[in-house]
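Here is protein_38.txt, consisting of compact mmCIF, C-alpha atoms:
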# COMPACT_ATOMS: atom_id res chain seq x y z
CA MET A 1 139.66 131.60 185.78
CA ASN A 2 139.34 133.70 182.62
CA LEU A 3 141.25 132.95 179.47
CA LYS A 4 143.66 135.80 179.95
CA GLU A 5 144.67 134.52 183.39
CA LYS A 6 145.05 130.99 182.09
CA ASN A 7 147.28 132.13 179.25
CA SER A 8 149.30 134.18 181.65
CA LYS A 9 149.82 131.17 183.93
CA THR A 10 150.64 128.95 180.96
CA SER A 11 153.20 131.31 179.49
CA SER A 12 154.65 131.75 182.95
CA LYS A 13 154.94 128.00 183.28
CA ALA A 14 156.42 127.68 179.80
CA GLN A 15 159.00 130.28 180.63
CA LYS A 16 160.07 128.25 183.63
CA LYS A 17 161.33 125.52 181.36
CA SER A 18 162.30 125.03 177.78
CA VAL A 19 159.97 122.06 177.26
CA ALA A 20 157.79 122.56 174.20
CA VAL A 21 154.07 122.87 174.76
CA SER A 22 151.81 121.39 172.12
CA ASP A 23 148.07 121.05 171.67
CA ASN A 24 148.81 117.65 170.12
CA VAL A 25 149.75 116.10 173.46
CA GLY A 26 146.86 114.10 174.83
CA ASN A 27 145.21 114.58 178.20
CA TYR A 28 145.70 111.24 179.93
CA GLU A 29 143.96 112.19 183.14
CA LYS A 30 141.17 109.68 182.55
CA HIS A 31 143.21 106.96 180.88
CA PRO A 32 142.67 103.65 182.74
CA PHE A 33 146.38 102.88 182.74
CA PHE A 34 147.27 105.98 184.73
CA ILE A 35 144.20 105.80 186.93
CA LYS A 36 145.13 102.25 187.93
CA LYS A 37 148.75 103.11 188.62
CA ALA A 38 147.81 106.17 190.64
CA ALA A 39 145.35 104.15 192.70
CA ALA A 40 148.02 101.56 193.46
CA ALA A 41 150.48 104.28 194.41
CA LYS A 42 147.97 105.95 196.69
CA ASP A 43 147.15 102.65 198.40
CA LEU A 44 150.81 101.98 199.03
CA LEU A 45 151.45 105.44 200.44
CA LEU A 46 148.42 105.24 202.69
CA LYS A 47 149.83 101.96 203.98
CA VAL A 48 153.48 102.92 204.46
CA GLY A 49 153.21 106.69 204.86
CA LEU A 50 155.83 109.18 203.82
CA PRO A 51 159.35 109.83 205.05
CA GLU A 52 159.32 112.35 207.88
CA GLN A 53 161.32 114.69 205.73
CA LEU A 54 158.53 114.80 203.16
CA ALA A 55 155.52 114.69 205.46
CA LYS A 56 152.52 115.84 203.46
CA LYS A 57 148.97 114.64 203.10
CA VAL A 58 148.00 111.73 200.90
CA HIS A 59 144.41 112.00 199.64
CA ALA A 60 142.30 109.28 201.22
CA MET B 1 169.75 118.34 183.28
CA LEU B 2 172.17 115.41 183.21
CA ASN B 3 173.62 116.52 179.82
CA LEU B 4 172.91 113.10 178.43
CA ASP B 5 171.69 111.88 175.12
CA LYS B 6 167.91 112.09 175.35
CA TYR B 7 164.83 112.35 173.19
CA SER B 8 163.06 115.64 172.74
CA TYR B 9 159.60 115.62 174.25
CA ILE B 10 156.50 117.75 174.35
CA THR B 11 153.90 118.51 176.97
CA ASN B 12 150.48 120.14 177.07
CA ASN B 13 149.23 123.19 178.93
CA SER B 14 148.78 121.22 182.13
CA PHE B 15 152.46 120.20 182.21
CA LEU B 16 151.20 116.87 183.56
CA ASP B 17 151.37 114.86 180.31
CA TYR B 18 154.53 114.31 178.26
CA GLU B 19 155.10 112.45 175.00
CA PHE B 20 158.10 111.43 172.96
CA ASP B 21 159.07 108.82 170.38
CA SER B 22 161.61 106.11 171.00
CA ILE B 23 163.46 105.43 167.75
CA GLY B 24 165.30 102.19 167.13
CA PRO B 25 165.29 98.82 165.34
CA LYS B 26 161.64 98.36 166.27
CA GLY B 27 160.77 101.64 164.59
CA ALA B 28 159.10 104.57 166.32
CA ILE B 29 157.43 103.71 169.62
CA LYS B 30 155.35 106.42 171.25
CA LYS B 31 156.06 106.86 174.95
CA VAL B 32 153.87 108.79 177.35
CA ALA B 33 154.44 109.99 180.89
CA ARG B 34 151.81 111.33 183.23
CA PHE B 35 151.98 112.89 186.67
CA THR B 36 148.82 112.16 188.65
CA GLU B 37 148.19 113.96 191.90
CA ILE B 38 147.56 111.50 194.74
CA GLY B 39 148.09 113.80 197.67
CA THR B 40 148.81 117.42 198.48
CA ASN B 41 151.56 118.16 195.96
CA ILE B 42 152.36 114.45 195.73
CA TYR B 43 152.31 112.96 192.25
CA ASN B 44 152.53 109.44 190.91
CA PHE B 45 154.79 109.13 187.89
CA GLY B 46 153.29 106.83 185.29
CA PHE B 47 155.09 105.90 182.10
CA GLY B 48 154.47 103.47 179.26
CA ASP B 49 154.31 102.62 175.59
CA VAL B 50 151.29 103.67 173.60
CA ASP B 51 149.70 101.30 171.13
CA GLU B 52 148.63 103.91 168.62
CA LYS B 53 146.09 101.59 167.05
CA THR B 54 144.19 100.79 170.23
CA GLY B 55 145.21 103.67 172.50
CA GLU B 56 146.26 101.18 175.15
CA ILE B 57 149.27 101.96 177.28
CA SER B 58 151.57 99.36 178.76
CA ASP B 59 154.67 99.38 180.90
CA THR B 60 155.07 95.60 180.92
CA VAL B 61 155.70 95.10 177.23
CA LEU B 62 159.37 94.83 176.29
CA SER B 63 159.81 97.36 173.52
CA ASN B 64 163.47 96.40 173.08
CA ASN B 65 164.35 99.38 170.94
CA GLN B 66 167.97 99.30 172.16
CA ASP B 67 167.73 102.76 173.64
CA GLY B 68 167.07 102.04 177.28
CA ASP B 69 169.60 104.54 178.59
CA LYS B 70 168.33 107.25 176.29
CA VAL B 71 164.76 106.63 177.43
CA LEU B 72 165.86 106.79 181.08
CA ALA B 73 167.69 110.06 180.47
CA THR B 74 164.57 111.43 178.83
CA VAL B 75 162.44 110.38 181.80
CA ALA B 76 164.88 112.05 184.19
CA ASN B 77 164.66 115.28 182.25
CA ILE B 78 160.88 115.12 182.17
CA ILE B 79 160.81 114.80 185.95
CA TYR B 80 163.24 117.69 186.24
CA ASP B 81 161.09 119.88 184.03
CA PHE B 82 157.93 118.89 185.88
CA THR B 83 159.45 119.83 189.21
CA ASN B 84 160.43 123.19 187.76
CA VAL B 85 156.76 123.94 187.21
CA PHE B 86 155.26 122.19 190.24
CA ILE B 87 157.42 123.68 192.93
CA GLY B 88 157.99 121.41 195.90
CA ALA B 89 156.20 118.46 194.27
CA VAL B 90 156.99 115.01 195.59
CA VAL B 91 157.16 112.40 192.84
CA PHE B 92 156.43 108.73 193.53
CA ILE B 93 157.89 106.14 191.16
CA LYS B 94 157.23 102.43 191.12
CA GLY B 95 157.21 100.03 188.20
CA THR B 96 154.28 97.74 187.55
CA THR B 97 156.70 94.85 187.93
CA ALA B 98 159.76 94.35 190.12
CA ALA B 99 161.86 94.27 186.95
CA ARG B 100 160.58 97.70 185.93
CA THR B 101 161.23 99.12 189.38
CA ARG B 102 164.73 97.69 189.18
CA ARG B 103 165.21 99.43 185.84
CA TYR B 104 164.40 102.76 187.45
CA GLN B 105 166.76 101.90 190.30
CA MET B 106 169.56 101.13 187.86
CA GLY B 107 169.01 104.50 186.25
CA ILE B 108 169.13 106.32 189.59
CA ASN B 109 172.28 104.40 190.53
CA LYS B 110 173.95 105.16 187.24
CA TYR B 111 173.32 108.89 187.35
CA TRP B 112 173.37 109.31 191.12
CA GLU B 113 176.26 111.76 191.19
CA GLN B 114 174.23 114.04 188.95
CA ILE B 115 170.88 113.43 190.60
CA SER B 116 171.83 113.74 194.26
CA PRO B 117 172.81 117.44 194.20
CA ILE B 118 169.42 118.29 192.73
CA PHE B 119 166.94 115.86 194.28
CA GLU B 120 166.23 114.37 197.68
CA VAL B 121 165.51 110.72 196.93
CA PHE B 122 164.08 108.08 199.22
CA GLY B 123 163.78 104.35 198.64
CA LEU B 124 161.18 102.03 200.11
CA LYS B 125 162.47 98.89 201.77
CA ASN B 126 160.37 96.59 203.96
CA GLU B 127 157.63 99.22 204.11
CA LYS B 128 159.99 101.86 205.45
CA TRP B 129 161.45 104.84 203.65
CA GLU B 130 165.13 105.58 203.85
CA PRO B 131 167.41 108.04 202.07
CA PHE B 132 168.47 106.44 198.81
CA LYS B 133 171.76 104.59 198.87
CA LYS B 134 173.50 103.25 195.82
CA GLY B 135 173.63 99.49 195.65
CA GLU B 136 170.56 98.89 197.83
CA ASN B 137 167.43 97.25 196.42
CA TYR B 138 164.24 99.25 196.81
CA GLU B 139 160.58 98.62 196.04
CA ALA B 140 159.62 102.20 195.17
CA PHE B 141 161.05 105.72 195.14
CA LEU B 142 160.09 109.22 196.22
CA GLY B 143 161.88 112.31 195.03
CA ARG B 144 161.70 116.05 195.60
CA ARG B 145 163.85 118.90 194.36
CA LYS B 146 166.25 120.23 196.94
CA ALA B 147 165.38 123.77 197.98
CA SER B 148 168.70 125.06 196.74
CA PHE B 149 167.89 123.76 193.26
CA LEU B 150 164.43 125.16 192.82
CA PHE B 151 164.20 127.06 189.53
How does this structure look as structure tokens?
Amino acid sequence: MNLKEKNSKTSSKAQKKSVAVSDNVGNYEKHPFFIKKAAAAKDLLLKVGLPEQLAKKVHA
Amino acid sequence: MLNLDKYSYITNNSFLDYEFDSIGPKGAIKKVARFTEIGTNIYNFGFGDVDEKTGEISDTVLSNNQDGDKVLATVANIIYDFTNVFIGAVVFIKGTTAARTRRYQMGINKYWEQISPIFEVFGLKNEKWEPFKKGENYEAFLGRRKASFLF
């Protein structure tokens, strides 16, 4: 994806809501706290599944 | 959404990470929320306090800044904004402790009349999902914007 496309998608996303976008907000994708919580959530959903009304695919 | 007293918050270009400061007798406490994809358009909602000295995040520490309702309103608005960007996303919410999960439940109960027109919400009970009912105790929650309320 080139920069122009990315900016276009970002400004499109920003327009969808009034939330302020800042470069100062960290990227917590690799933070152990969120990794651990996501893993626990995934395990639970793989165990109990989803409501029929929301049937989608949980990553194994 | 909800027209409640809430903190202003900021996000980054991914719209997956959100930060705000809780202000109260304990001073300014940095809060962070993160949506982590765990399935096709299914996201886990994680939320906690940041220790700005160590970078550690916790959702078991009692910050006790006397602004619980304001924090909950802020969280609700974050989820609303997130689901404006990630159309059709399903959001999974569960506290690290039963007490935390109950806190989320109390928030959903309190603002249910405002939430229910906008979101489909399910609660987990005995390993089975059911449509959320006020007054019931649940172990986890799933929510998705109703089609009629997609931005």
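Distance annotation: of B:Glu113, B:Asp17, B:Glu52, B:Glu136, the residue with the minimal separation from chain A is B:Asp17; atom set is only C-alpha atoms.
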Assuming 6 Å of padding per side, give the centre and edge lengths of the axis-aligned box around every listed atom of range 69-77 of chain B, in Å to one decimal and as AutoDock Vina command-line options.
--center_x 166.0 --center_y 109.9 --center_z 180.2 --size_x 19.2 --size_y 22.7 --size_z 19.9
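For the set B:Pro25, B:Tyr43, B:Ile78, B:Ile93, the residue with the smallest atom-to-atom gap to Asn65 in chain B is B:Pro25, counting all atoms listed in the file.
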Find the residues of chain B that sit at most 6 Å from chain A; for each, write down the nearest two atoms and how far apart they are in Å, to one decimal. Count only C-alpha atoms. Sort by chain, then by number going up, and give it as a Markdown table.
| residue | atom | partner | partner_atom | distance |
| --- | --- | --- | --- | --- |
| B:Ile10 | CA | A:Ala20 | CA | 5.0 |
| B:Thr11 | CA | A:Val21 | CA | 4.9 |
| B:Asn12 | CA | A:Val21 | CA | 5.1 |
| B:Ile38 | CA | A:His59 | CA | 5.8 |
| B:Gly39 | CA | A:Val58 | CA | 3.8 |
| B:Thr40 | CA | A:Lys57 | CA | 5.4 |
| B:Asn44 | CA | A:Ala38 | CA | 5.7 |
| B:Val85 | CA | A:Lys13 | CA | 5.9 |
| B:Glu127 | CA | A:Val48 | CA | 5.6 |
| B:Trp129 | CA | A:Pro51 | CA | 5.6 |
- Query: What's the 9 Å shell around Asp67 in chain B, counting only C-alpha atoms, without same-chain residues fewer than 5 positions away, as a PyMOL selection string?
  - Reply: chain B and resi 22-24+72
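Take the candidates B:Val61, B:Leu16, B:Ala147, B:Met106 and check each one against Ile79 in chain B using all atoms listed in the file; the shortest distance goes to B:Leu16.
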